[in-house]
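This is input23.cif (mmCIF, N, CA and C atoms).
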```cif
data_model
loop_
_atom_site.label_atom_id
_atom_site.label_comp_id
_atom_site.auth_asym_id
_atom_site.auth_seq_id
_atom_site.Cartn_x
_atom_site.Cartn_y
_atom_site.Cartn_z
N MET B 26 3.75 -10.35 -35.73
CA MET B 26 4.49 -10.73 -34.54
C MET B 26 5.77 -9.89 -34.40
N TYR B 27 6.42 -9.67 -35.53
CA TYR B 27 7.65 -8.90 -35.54
C TYR B 27 7.39 -7.46 -35.08
N LYS B 28 6.28 -6.88 -35.52
CA LYS B 28 5.95 -5.50 -35.15
C LYS B 28 5.66 -5.39 -33.66
N ILE B 29 5.00 -6.36 -33.08
CA ILE B 29 4.71 -6.35 -31.64
C ILE B 29 6.00 -6.44 -30.85
N PHE B 30 6.91 -7.30 -31.28
CA PHE B 30 8.20 -7.43 -30.61
C PHE B 30 8.99 -6.12 -30.67
N LEU B 31 8.98 -5.48 -31.84
CA LEU B 31 9.69 -4.22 -32.02
C LEU B 31 9.11 -3.12 -31.12
N ILE B 32 7.78 -3.06 -31.04
CA ILE B 32 7.12 -2.06 -30.19
C ILE B 32 7.47 -2.30 -28.73
N LEU B 33 7.44 -3.55 -28.28
CA LEU B 33 7.79 -3.86 -26.89
C LEU B 33 9.25 -3.53 -26.60
N LEU B 34 10.13 -3.79 -27.55
CA LEU B 34 11.54 -3.48 -27.38
C LEU B 34 11.76 -1.98 -27.25
N LEU B 35 11.13 -1.20 -28.12
CA LEU B 35 11.25 0.26 -28.05
C LEU B 35 10.66 0.82 -26.76
N PHE B 36 9.53 0.28 -26.35
CA PHE B 36 8.90 0.71 -25.09
C PHE B 36 9.82 0.44 -23.91
N GLY B 37 10.45 -0.72 -23.87
CA GLY B 37 11.39 -1.05 -22.81
C GLY B 37 12.60 -0.14 -22.81
N MET B 38 13.08 0.23 -23.99
CA MET B 38 14.23 1.13 -24.07
C MET B 38 13.88 2.52 -23.56
N VAL B 39 12.68 2.98 -23.85
CA VAL B 39 12.24 4.30 -23.37
C VAL B 39 12.14 4.30 -21.85
N LEU B 40 11.56 3.25 -21.27
CA LEU B 40 11.46 3.17 -19.81
C LEU B 40 12.84 3.10 -19.18
N ARG B 41 13.74 2.36 -19.75
CA ARG B 41 15.10 2.23 -19.22
C ARG B 41 15.85 3.55 -19.31
N ALA B 42 15.61 4.33 -20.35
CA ALA B 42 16.28 5.62 -20.51
C ALA B 42 15.89 6.58 -19.40
N GLY B 43 14.64 6.54 -18.93
CA GLY B 43 14.22 7.39 -17.83
C GLY B 43 14.95 7.05 -16.55
N ASP B 44 15.12 5.76 -16.26
CA ASP B 44 15.88 5.34 -15.08
C ASP B 44 17.33 5.78 -15.18
N ASN B 45 17.90 5.63 -16.37
CA ASN B 45 19.28 6.01 -16.58
C ASN B 45 19.46 7.51 -16.38
N TYR B 46 18.50 8.31 -16.82
CA TYR B 46 18.55 9.75 -16.63
C TYR B 46 18.52 10.10 -15.15
N GLU B 47 17.64 9.45 -14.40
CA GLU B 47 17.55 9.71 -12.96
C GLU B 47 18.85 9.34 -12.26
N LEU B 48 19.42 8.20 -12.60
CA LEU B 48 20.68 7.78 -11.98
C LEU B 48 21.78 8.78 -12.27
N LYS B 49 21.89 9.23 -13.51
CA LYS B 49 22.91 10.22 -13.85
C LYS B 49 22.70 11.52 -13.08
N LEU B 50 21.45 11.92 -12.93
CA LEU B 50 21.18 13.14 -12.19
C LEU B 50 21.60 13.00 -10.73
N TYR B 51 21.23 11.89 -10.09
CA TYR B 51 21.65 11.66 -8.71
C TYR B 51 23.17 11.62 -8.60
N GLU B 52 23.84 11.00 -9.57
CA GLU B 52 25.30 10.90 -9.53
C GLU B 52 25.98 12.25 -9.73
N LYS B 53 25.32 13.20 -10.35
CA LYS B 53 25.88 14.54 -10.51
C LYS B 53 25.58 15.43 -9.32
N VAL B 54 24.34 15.42 -8.86
CA VAL B 54 23.89 16.39 -7.86
C VAL B 54 24.36 16.03 -6.45
N ILE B 55 24.09 14.82 -6.01
CA ILE B 55 24.38 14.45 -4.61
C ILE B 55 25.88 14.53 -4.29
N PRO B 56 26.79 13.99 -5.12
CA PRO B 56 28.22 14.15 -4.80
C PRO B 56 28.71 15.60 -4.83
N ALA B 57 28.03 16.46 -5.59
CA ALA B 57 28.42 17.87 -5.60
C ALA B 57 28.06 18.56 -4.28
N ILE B 58 27.08 18.02 -3.57
CA ILE B 58 26.64 18.62 -2.31
C ILE B 58 27.35 17.99 -1.11
N PHE B 59 27.55 16.67 -1.15
CA PHE B 59 28.16 15.94 -0.04
C PHE B 59 29.63 15.66 -0.35
N LYS B 60 30.48 15.85 0.64
CA LYS B 60 31.91 15.66 0.45
C LYS B 60 32.39 14.27 0.86
N HIS B 61 31.53 13.47 1.50
CA HIS B 61 31.89 12.12 1.91
C HIS B 61 32.08 11.24 0.68
N ARG B 62 33.04 10.34 0.73
CA ARG B 62 33.23 9.36 -0.34
C ARG B 62 33.46 8.00 0.27
N PRO B 63 32.78 7.00 -0.12
CA PRO B 63 31.55 6.99 -0.89
C PRO B 63 30.40 7.51 -0.03
N ILE B 64 29.37 7.95 -0.67
CA ILE B 64 28.21 8.51 0.02
C ILE B 64 27.29 7.37 0.42
N LYS B 65 27.00 7.30 1.71
CA LYS B 65 26.10 6.27 2.22
C LYS B 65 24.68 6.78 2.16
N VAL B 66 23.81 6.03 1.48
CA VAL B 66 22.44 6.44 1.22
C VAL B 66 21.47 5.44 1.81
N TYR B 67 20.48 5.96 2.52
CA TYR B 67 19.34 5.15 2.94
C TYR B 67 18.18 5.57 2.06
N GLY B 68 17.58 4.60 1.38
CA GLY B 68 16.48 4.92 0.48
C GLY B 68 15.36 3.92 0.57
N ASP B 69 14.20 4.34 0.10
CA ASP B 69 13.08 3.40 0.03
C ASP B 69 13.36 2.40 -1.10
N SER B 70 12.45 1.48 -1.32
CA SER B 70 12.71 0.40 -2.26
C SER B 70 12.94 0.91 -3.68
N GLU B 71 12.21 1.92 -4.10
CA GLU B 71 12.36 2.45 -5.45
C GLU B 71 13.73 3.08 -5.65
N VAL B 72 14.16 3.90 -4.71
CA VAL B 72 15.46 4.57 -4.80
C VAL B 72 16.59 3.55 -4.66
N SER B 73 16.44 2.61 -3.77
CA SER B 73 17.47 1.59 -3.58
C SER B 73 17.68 0.79 -4.86
N LYS B 74 16.59 0.46 -5.53
CA LYS B 74 16.68 -0.30 -6.77
C LYS B 74 17.43 0.50 -7.84
N LEU B 75 17.21 1.80 -7.89
CA LEU B 75 17.86 2.65 -8.88
C LEU B 75 19.34 2.88 -8.55
N LEU B 76 19.64 3.20 -7.30
CA LEU B 76 21.00 3.60 -6.93
C LEU B 76 21.95 2.42 -6.68
N ARG B 77 21.46 1.23 -6.60
CA ARG B 77 22.36 0.10 -6.35
C ARG B 77 23.28 -0.15 -7.54
N HIS B 78 22.98 0.42 -8.70
CA HIS B 78 23.82 0.25 -9.88
C HIS B 78 24.93 1.31 -9.94
N SER B 79 24.98 2.20 -8.98
CA SER B 79 25.94 3.29 -8.99
C SER B 79 27.18 2.93 -8.19
N ARG B 80 28.32 3.41 -8.66
CA ARG B 80 29.58 3.23 -7.94
C ARG B 80 29.83 4.37 -6.96
N LYS B 81 29.04 5.42 -7.04
CA LYS B 81 29.24 6.58 -6.17
C LYS B 81 28.49 6.50 -4.86
N PHE B 82 27.56 5.55 -4.75
CA PHE B 82 26.73 5.43 -3.56
C PHE B 82 26.84 4.04 -2.96
N VAL B 83 26.75 4.00 -1.64
CA VAL B 83 26.66 2.74 -0.92
C VAL B 83 25.30 2.75 -0.23
N MET B 84 24.47 1.78 -0.56
CA MET B 84 23.15 1.70 0.05
C MET B 84 23.27 1.03 1.42
N VAL B 85 22.68 1.65 2.44
CA VAL B 85 22.69 1.10 3.80
C VAL B 85 21.26 0.76 4.20
N LYS B 86 21.13 -0.20 5.08
CA LYS B 86 19.80 -0.68 5.48
C LYS B 86 19.25 0.06 6.71
N GLN B 87 20.11 0.76 7.45
CA GLN B 87 19.68 1.51 8.63
C GLN B 87 19.98 2.98 8.42
N CYS B 88 18.98 3.81 8.70
CA CYS B 88 19.12 5.23 8.38
C CYS B 88 20.18 5.93 9.24
N HIS B 89 20.46 5.44 10.44
CA HIS B 89 21.44 6.12 11.27
C HIS B 89 22.87 5.96 10.74
N LYS B 90 23.10 5.04 9.80
CA LYS B 90 24.43 4.85 9.20
C LYS B 90 24.60 5.66 7.92
N ALA B 91 23.56 6.33 7.47
CA ALA B 91 23.58 7.03 6.18
C ALA B 91 24.03 8.47 6.32
N HIS B 92 24.57 9.00 5.23
CA HIS B 92 24.86 10.43 5.14
C HIS B 92 23.63 11.20 4.66
N ILE B 93 22.80 10.54 3.86
CA ILE B 93 21.62 11.18 3.27
C ILE B 93 20.49 10.16 3.18
N LEU B 94 19.26 10.65 3.35
CA LEU B 94 18.07 9.82 3.20
C LEU B 94 17.35 10.28 1.93
N ILE B 95 17.03 9.33 1.05
CA ILE B 95 16.31 9.65 -0.18
C ILE B 95 15.06 8.77 -0.20
N VAL B 96 13.90 9.41 -0.09
CA VAL B 96 12.64 8.66 -0.03
C VAL B 96 11.55 9.38 -0.81
N ALA B 97 10.51 8.62 -1.14
CA ALA B 97 9.33 9.20 -1.78
C ALA B 97 8.32 9.64 -0.72
N LYS B 98 8.15 8.81 0.31
CA LYS B 98 7.20 9.11 1.38
C LYS B 98 7.94 9.21 2.70
N VAL B 99 7.88 10.37 3.31
CA VAL B 99 8.58 10.60 4.57
C VAL B 99 7.98 9.75 5.68
N LEU B 100 6.72 9.41 5.58
CA LEU B 100 6.07 8.59 6.61
C LEU B 100 6.65 7.20 6.71
N ASP B 101 7.32 6.73 5.65
CA ASP B 101 7.90 5.40 5.65
C ASP B 101 9.22 5.32 6.42
N LEU B 102 9.75 6.45 6.84
CA LEU B 102 11.03 6.46 7.55
C LEU B 102 10.87 5.96 8.97
N PRO B 103 11.83 5.17 9.45
CA PRO B 103 11.82 4.83 10.87
C PRO B 103 12.07 6.10 11.69
N GLN B 104 11.43 6.24 12.81
CA GLN B 104 11.52 7.47 13.59
C GLN B 104 12.84 7.60 14.36
N VAL B 105 13.45 6.50 14.73
CA VAL B 105 14.65 6.53 15.56
C VAL B 105 15.85 6.97 14.72
N ASN B 106 16.53 8.01 15.14
CA ASN B 106 17.77 8.52 14.55
C ASN B 106 17.66 8.96 13.10
N CYS B 107 16.49 9.13 12.58
CA CYS B 107 16.34 9.55 11.18
C CYS B 107 16.01 11.02 11.05
N GLN B 108 15.53 11.63 12.09
CA GLN B 108 15.07 13.01 11.99
C GLN B 108 16.22 14.01 11.83
N GLU B 109 17.43 13.66 12.26
CA GLU B 109 18.53 14.61 12.18
C GLU B 109 19.40 14.41 10.95
N LYS B 110 18.98 13.58 10.02
CA LYS B 110 19.72 13.33 8.78
C LYS B 110 19.18 14.20 7.65
N PRO B 111 20.05 14.62 6.72
CA PRO B 111 19.56 15.36 5.55
C PRO B 111 18.61 14.51 4.72
N LEU B 112 17.51 15.09 4.32
CA LEU B 112 16.45 14.37 3.63
C LEU B 112 16.25 14.93 2.23
N PHE B 113 16.31 14.05 1.24
CA PHE B 113 16.05 14.40 -0.15
C PHE B 113 14.86 13.56 -0.59
N VAL B 114 13.83 14.19 -1.13
CA VAL B 114 12.60 13.48 -1.46
C VAL B 114 12.41 13.39 -2.97
N THR B 115 11.54 12.46 -3.37
CA THR B 115 11.32 12.23 -4.80
C THR B 115 9.91 12.57 -5.24
N SER B 116 9.24 13.44 -4.50
CA SER B 116 7.93 13.92 -4.93
C SER B 116 7.75 15.36 -4.44
N TYR B 117 7.00 16.12 -5.23
CA TYR B 117 6.76 17.51 -4.86
C TYR B 117 5.92 17.60 -3.59
N LYS B 118 4.95 16.71 -3.44
CA LYS B 118 4.10 16.73 -2.25
C LYS B 118 4.92 16.51 -0.98
N ALA B 119 5.85 15.56 -1.02
CA ALA B 119 6.71 15.32 0.15
C ALA B 119 7.61 16.52 0.42
N PHE B 120 8.08 17.17 -0.62
CA PHE B 120 8.92 18.36 -0.46
C PHE B 120 8.13 19.50 0.17
N LYS B 121 6.92 19.69 -0.31
CA LYS B 121 6.07 20.77 0.19
C LYS B 121 5.62 20.51 1.63
N ASP B 122 5.29 19.26 1.94
CA ASP B 122 4.74 18.92 3.25
C ASP B 122 5.80 18.74 4.34
N ASN B 123 7.04 18.49 3.97
CA ASN B 123 8.07 18.23 4.97
C ASN B 123 9.08 19.37 5.00
N PRO B 124 9.08 20.18 6.05
CA PRO B 124 10.02 21.30 6.13
C PRO B 124 11.47 20.87 6.37
N ASN B 125 11.72 19.60 6.69
CA ASN B 125 13.09 19.13 6.92
C ASN B 125 13.78 18.64 5.65
N SER B 126 13.08 18.57 4.53
CA SER B 126 13.73 18.12 3.30
C SER B 126 14.52 19.27 2.69
N PHE B 127 15.77 19.00 2.34
CA PHE B 127 16.60 20.06 1.77
C PHE B 127 16.47 20.11 0.25
N GLY B 128 15.96 19.04 -0.36
CA GLY B 128 15.84 19.05 -1.81
C GLY B 128 14.86 18.02 -2.31
N ALA B 129 14.52 18.15 -3.58
CA ALA B 129 13.57 17.21 -4.19
C ALA B 129 13.89 17.06 -5.67
N PHE B 130 13.68 15.85 -6.16
CA PHE B 130 13.72 15.56 -7.59
C PHE B 130 12.45 14.82 -7.92
N TYR B 131 11.68 15.36 -8.86
CA TYR B 131 10.40 14.76 -9.21
C TYR B 131 10.10 15.09 -10.66
N TRP B 132 9.10 14.41 -11.18
CA TRP B 132 8.67 14.62 -12.56
C TRP B 132 7.34 15.37 -12.57
N ARG B 133 7.23 16.37 -13.43
CA ARG B 133 5.98 17.11 -13.61
C ARG B 133 5.73 17.25 -15.11
N LYS B 134 4.59 16.74 -15.55
CA LYS B 134 4.20 16.77 -16.96
C LYS B 134 5.30 16.18 -17.85
N GLY B 135 5.91 15.11 -17.39
CA GLY B 135 6.93 14.42 -18.17
C GLY B 135 8.29 15.09 -18.18
N ARG B 136 8.47 16.12 -17.37
CA ARG B 136 9.75 16.83 -17.31
C ARG B 136 10.35 16.73 -15.91
N PRO B 137 11.66 16.56 -15.83
CA PRO B 137 12.28 16.49 -14.51
C PRO B 137 12.34 17.86 -13.85
N GLN B 138 12.08 17.89 -12.55
CA GLN B 138 12.13 19.12 -11.76
C GLN B 138 13.05 18.87 -10.57
N ILE B 139 13.82 19.88 -10.20
CA ILE B 139 14.67 19.76 -9.02
C ILE B 139 14.55 21.05 -8.22
N ARG B 140 14.48 20.92 -6.90
CA ARG B 140 14.32 22.06 -6.00
C ARG B 140 15.21 21.87 -4.78
N PHE B 141 15.63 22.98 -4.18
CA PHE B 141 16.40 22.96 -2.94
C PHE B 141 15.89 24.05 -2.01
N ARG B 142 16.04 23.84 -0.71
CA ARG B 142 15.71 24.84 0.31
C ARG B 142 17.02 25.31 0.95
N GLU B 143 17.30 26.59 0.78
CA GLU B 143 18.55 27.15 1.29
C GLU B 143 18.65 27.08 2.81
N GLU B 144 17.55 27.39 3.51
CA GLU B 144 17.63 27.42 4.98
C GLU B 144 17.89 26.03 5.56
N VAL B 145 17.34 25.00 4.96
CA VAL B 145 17.58 23.63 5.44
C VAL B 145 19.01 23.20 5.09
N MET B 146 19.49 23.61 3.94
CA MET B 146 20.87 23.27 3.56
C MET B 146 21.87 23.94 4.51
N ARG B 147 21.59 25.16 4.92
CA ARG B 147 22.47 25.82 5.89
C ARG B 147 22.47 25.07 7.22
N ARG B 148 21.31 24.58 7.63
CA ARG B 148 21.21 23.84 8.89
C ARG B 148 22.10 22.59 8.88
N TYR B 149 22.20 21.93 7.74
CA TYR B 149 23.03 20.72 7.62
C TYR B 149 24.44 21.02 7.11
N HIS B 150 24.78 22.28 6.96
CA HIS B 150 26.09 22.72 6.49
C HIS B 150 26.40 22.16 5.10
N LEU B 151 25.41 22.23 4.22
CA LEU B 151 25.56 21.78 2.85
C LEU B 151 25.61 23.00 1.94
N THR B 152 26.39 22.92 0.88
CA THR B 152 26.46 24.03 -0.06
C THR B 152 26.19 23.53 -1.47
N LEU B 153 25.50 24.35 -2.22
CA LEU B 153 25.20 24.03 -3.61
C LEU B 153 26.30 24.58 -4.50
N PRO B 154 26.69 23.83 -5.52
CA PRO B 154 27.60 24.40 -6.51
C PRO B 154 26.89 25.50 -7.28
N ASN B 155 27.64 26.38 -7.90
CA ASN B 155 27.05 27.52 -8.62
C ASN B 155 26.06 27.09 -9.69
N ALA B 156 26.29 25.96 -10.33
CA ALA B 156 25.41 25.50 -11.41
C ALA B 156 24.01 25.14 -10.89
N LEU B 157 23.88 24.85 -9.59
CA LEU B 157 22.59 24.44 -9.03
C LEU B 157 21.90 25.52 -8.20
N LYS B 158 22.55 26.65 -8.00
CA LYS B 158 21.97 27.69 -7.14
C LYS B 158 20.67 28.27 -7.69
N ARG B 159 20.44 28.19 -8.97
CA ARG B 159 19.19 28.73 -9.52
C ARG B 159 17.98 27.89 -9.15
N TYR B 160 18.20 26.67 -8.64
CA TYR B 160 17.10 25.80 -8.24
C TYR B 160 16.77 25.93 -6.75
N ALA B 161 17.47 26.80 -6.06
CA ALA B 161 17.24 26.99 -4.62
C ALA B 161 16.22 28.10 -4.40
N LYS B 162 15.47 27.94 -3.29
CA LYS B 162 14.53 28.99 -2.93
C LYS B 162 14.65 29.29 -1.45
#
```
Can you present the structure in this file as structure tokens?
Amino acid sequence: MYKIFLILLLFGMVLRAGDNYELKLYEKVIPAIFKHRPIKVYGDSEVSKLLRHSRKFVMVKQCHKAHILIVAKVLDLPQVNCQEKPLFVTSYKAFKDNPNSFGAFYWRKGRPQIRFREEVMRRYHLTLPNALKRYAK
């Protein structure tokens, strides 16, 4: 019984560490790109659950009030007033399929990947810090 409890505890810690890593990454990258404080974020349920623990972001329920949209599926976005907002996606497929997304954070083979599109960032007047320019294409 003790061994099963220990295994479940370790498994839970590993899962929690992945969420913590994602939150830290969002807290480093997004504020470096956006100058608004606090940054208003519209996100799907998964992103909202992760970012609600952050002091750097304010989660909003309507996309027209947000500075940035962070979603996994672009099809889930409401169409009204959302098309002109900067879009950051959480899957490679959404990044590849949507030319309006300026960046993506996703996992591939258990490793975190981050990408940016320079032309979309210029359209929204966003600039990458020097440390992130190697991830732009």
**Message:** When you look at Ile64 (chain B) with a cut-off of 8 Å (counting only C-alpha atoms), what residues show up, excluding the ones that are within fewer than 5 positions of it in the same chain? I need them as a ChimeraX atom specification.
**Reply:** /B:56,59,81-83,91-93
**Message:** Based on the backbone DSSP call, show me all residues of region 116-156 of chain B assigned strand (DSSP E), as an NGL selection string.
**Reply:** :B and (126-133 or 136-141)
Those residues with N, CA and C atoms, as a PDB file, keeping the file's coordinate frame please?
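Writing done, so here's part.pdb:
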```
ATOM      1  N   SER B 126      13.080  18.570   4.530  1.00  0.00           N
ATOM      2  CA  SER B 126      13.730  18.120   3.300  1.00  0.00           C
ATOM      3  C   SER B 126      14.520  19.270   2.690  1.00  0.00           C
ATOM      4  N   PHE B 127      15.770  19.000   2.340  1.00  0.00           N
ATOM      5  CA  PHE B 127      16.600  20.060   1.770  1.00  0.00           C
ATOM      6  C   PHE B 127      16.470  20.110   0.250  1.00  0.00           C
ATOM      7  N   GLY B 128      15.960  19.040  -0.360  1.00  0.00           N
ATOM      8  CA  GLY B 128      15.840  19.050  -1.810  1.00  0.00           C
ATOM      9  C   GLY B 128      14.860  18.020  -2.310  1.00  0.00           C
ATOM     10  N   ALA B 129      14.520  18.150  -3.580  1.00  0.00           N
ATOM     11  CA  ALA B 129      13.570  17.210  -4.190  1.00  0.00           C
ATOM     12  C   ALA B 129      13.890  17.060  -5.670  1.00  0.00           C
ATOM     13  N   PHE B 130      13.680  15.850  -6.160  1.00  0.00           N
ATOM     14  CA  PHE B 130      13.720  15.560  -7.590  1.00  0.00           C
ATOM     15  C   PHE B 130      12.450  14.820  -7.920  1.00  0.00           C
ATOM     16  N   TYR B 131      11.680  15.360  -8.860  1.00  0.00           N
ATOM     17  CA  TYR B 131      10.400  14.760  -9.210  1.00  0.00           C
ATOM     18  C   TYR B 131      10.100  15.090 -10.660  1.00  0.00           C
ATOM     19  N   TRP B 132       9.100  14.410 -11.180  1.00  0.00           N
ATOM     20  CA  TRP B 132       8.670  14.620 -12.560  1.00  0.00           C
ATOM     21  C   TRP B 132       7.340  15.370 -12.570  1.00  0.00           C
ATOM     22  N   ARG B 133       7.230  16.370 -13.430  1.00  0.00           N
ATOM     23  CA  ARG B 133       5.980  17.110 -13.610  1.00  0.00           C
ATOM     24  C   ARG B 133       5.730  17.250 -15.110  1.00  0.00           C
ATOM     25  N   ARG B 136       8.470  16.120 -17.370  1.00  0.00           N
ATOM     26  CA  ARG B 136       9.750  16.830 -17.310  1.00  0.00           C
ATOM     27  C   ARG B 136      10.350  16.730 -15.910  1.00  0.00           C
ATOM     28  N   PRO B 137      11.660  16.560 -15.830  1.00  0.00           N
ATOM     29  CA  PRO B 137      12.280  16.490 -14.510  1.00  0.00           C
ATOM     30  C   PRO B 137      12.340  17.860 -13.850  1.00  0.00           C
ATOM     31  N   GLN B 138      12.080  17.890 -12.550  1.00  0.00           N
ATOM     32  CA  GLN B 138      12.130  19.120 -11.760  1.00  0.00           C
ATOM     33  C   GLN B 138      13.050  18.870 -10.570  1.00  0.00           C
ATOM     34  N   ILE B 139      13.820  19.880 -10.200  1.00  0.00           N
ATOM     35  CA  ILE B 139      14.670  19.760  -9.020  1.00  0.00           C
ATOM     36  C   ILE B 139      14.550  21.050  -8.220  1.00  0.00           C
ATOM     37  N   ARG B 140      14.480  20.920  -6.900  1.00  0.00           N
ATOM     38  CA  ARG B 140      14.320  22.060  -6.000  1.00  0.00           C
ATOM     39  C   ARG B 140      15.210  21.870  -4.780  1.00  0.00           C
ATOM     40  N   PHE B 141      15.630  22.980  -4.180  1.00  0.00           N
ATOM     41  CA  PHE B 141      16.400  22.960  -2.940  1.00  0.00           C
ATOM     42  C   PHE B 141      15.890  24.050  -2.010  1.00  0.00           C
TER      43      PHE B 141
END
```
**Asked** Taking the file as shown, what set of residues would the PyMOL selection byres (((chain B and resi 148 and name CA) around 12) and name CA) give back, as a list in words?
**Response** Glu109, Lys110, Pro111, Leu112, Pro124, Asn125, Ser126, Phe127, Arg142, Glu143, Glu144, Val145, Met146, Arg147, Tyr149, His150, Leu151 and Thr152 of chain B
**Request:** Go through B:Leu50, B:Ile139, B:Val66, B:Leu75 and flag the residue nearest Lys158 (chain B), using only C-alpha atoms for the distances.
**Result:**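 Smallest distance to Lys158 (chain B) is found for B:Ile139.
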**Request:** Go through B:Lys90, B:Arg136, B:Glu71, B:Leu153 and flag the residue nearest Val114 (chain B), using only C-alpha atoms for the distances.
**Result:**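 Closest to Val114 (chain B) of all the choices is B:Glu71.
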Starting from the shown file, work through the PyMOL selection byres ((chain B and resi 116) around 6.5) and note down what comes out as a compact mmCIF listing (two decimals) with N, CA and C atoms, in the coordinates of the input.
```
# COMPACT_ATOMS: atom_id res chain seq x y z
N VAL B 96 13.90 9.41 -0.09
CA VAL B 96 12.64 8.66 -0.03
C VAL B 96 11.55 9.38 -0.81
N ALA B 97 10.51 8.62 -1.14
CA ALA B 97 9.33 9.20 -1.78
C ALA B 97 8.32 9.64 -0.72
N VAL B 114 13.83 14.19 -1.13
CA VAL B 114 12.60 13.48 -1.46
C VAL B 114 12.41 13.39 -2.97
N THR B 115 11.54 12.46 -3.37
CA THR B 115 11.32 12.23 -4.80
C THR B 115 9.91 12.57 -5.24
N TYR B 117 7.00 16.12 -5.23
CA TYR B 117 6.76 17.51 -4.86
C TYR B 117 5.92 17.60 -3.59
N LYS B 118 4.95 16.71 -3.44
CA LYS B 118 4.10 16.73 -2.25
C LYS B 118 4.92 16.51 -0.98
N ALA B 119 5.85 15.56 -1.02
CA ALA B 119 6.71 15.32 0.15
C ALA B 119 7.61 16.52 0.42
N PHE B 120 8.08 17.17 -0.62
CA PHE B 120 8.92 18.36 -0.46
C PHE B 120 8.13 19.50 0.17
N LYS B 121 6.92 19.69 -0.31
CA LYS B 121 6.07 20.77 0.19
C LYS B 121 5.62 20.51 1.63
N ALA B 129 14.52 18.15 -3.58
CA ALA B 129 13.57 17.21 -4.19
C ALA B 129 13.89 17.06 -5.67
N PHE B 130 13.68 15.85 -6.16
CA PHE B 130 13.72 15.56 -7.59
C PHE B 130 12.45 14.82 -7.92
N TYR B 131 11.68 15.36 -8.86
CA TYR B 131 10.40 14.76 -9.21
C TYR B 131 10.10 15.09 -10.66
N TRP B 132 9.10 14.41 -11.18
CA TRP B 132 8.67 14.62 -12.56
C TRP B 132 7.34 15.37 -12.57
```
**Request:** Run the PyMOL selection byres ((chain B and resi 69) around 7) on the file and write out the hits as an MDAnalysis selection string.
**Result:** chainID B and resid 67:68 70:74 94:97
**Request:** Going by DSSP on the backbone, which bits of chain B are alpha helix (DSSP H)? Write them as JSON, numbers by chain, please.
**Result:** {"B": [27, 28, 29, 30, 31, 32, 33, 34, 35, 36, 37, 38, 39, 40, 41, 42, 43, 44, 45, 46, 47, 48, 49, 50, 51, 52, 53, 54, 55, 56, 57, 58, 70, 71, 72, 73, 74, 75, 76, 117, 118, 119, 120, 121, 122, 143, 144, 145, 146, 147, 148]}
Find the axis-aligned box for region 63-73 of chain B, covering all its listed atoms and adding 3 Å on each side, and write its centre and edge lengths in Å to one decimal as AutoDock Vina command-line options.
```
--center_x 22.5 --center_y 4.5 --center_z -1.4 --size_x 26.6 --size_y 14.1 --size_z 14.6
```
**Request:** Using all atoms listed in the file, find the one residue out of B:Tyr160, B:Gly128, B:Lys134, B:Arg77 that sits nearest to Phe113 (chain B).
**Result:**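 Of B:Tyr160, B:Gly128, B:Lys134, B:Arg77, the one nearest Phe113 (chain B), counting all atoms listed in the file, is B:Gly128.
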**Message:** Please report the interatomic distance between CA of Pro63 (chain B) and CA of Ser79 (chain B) in Å with one decimal.
**Reply:**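 That distance, rounded to one decimal, is 10.5 Å.
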**Request:** Please indicate the distance in Å from CA of Tyr51 (chain B) to CA of Gln108 (chain B), rounded to one decimal place.
**Result:**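 CA of Gln108 (chain B) lies at a distance of 21.8 Å from CA of Tyr51 (chain B).
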**Message:** So the first atom is atom N of Tyr46 (chain B) and the second is atom C of Arg133 (chain B); what is the distance between them in Å, to one decimal place?
**Reply:** 15.7 Å
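Proximity of B:His78, B:Ala57, B:Leu48, B:Phe141 to Lys162 (chain B), computed with all atoms listed in the file, is greatest for B:Phe141.
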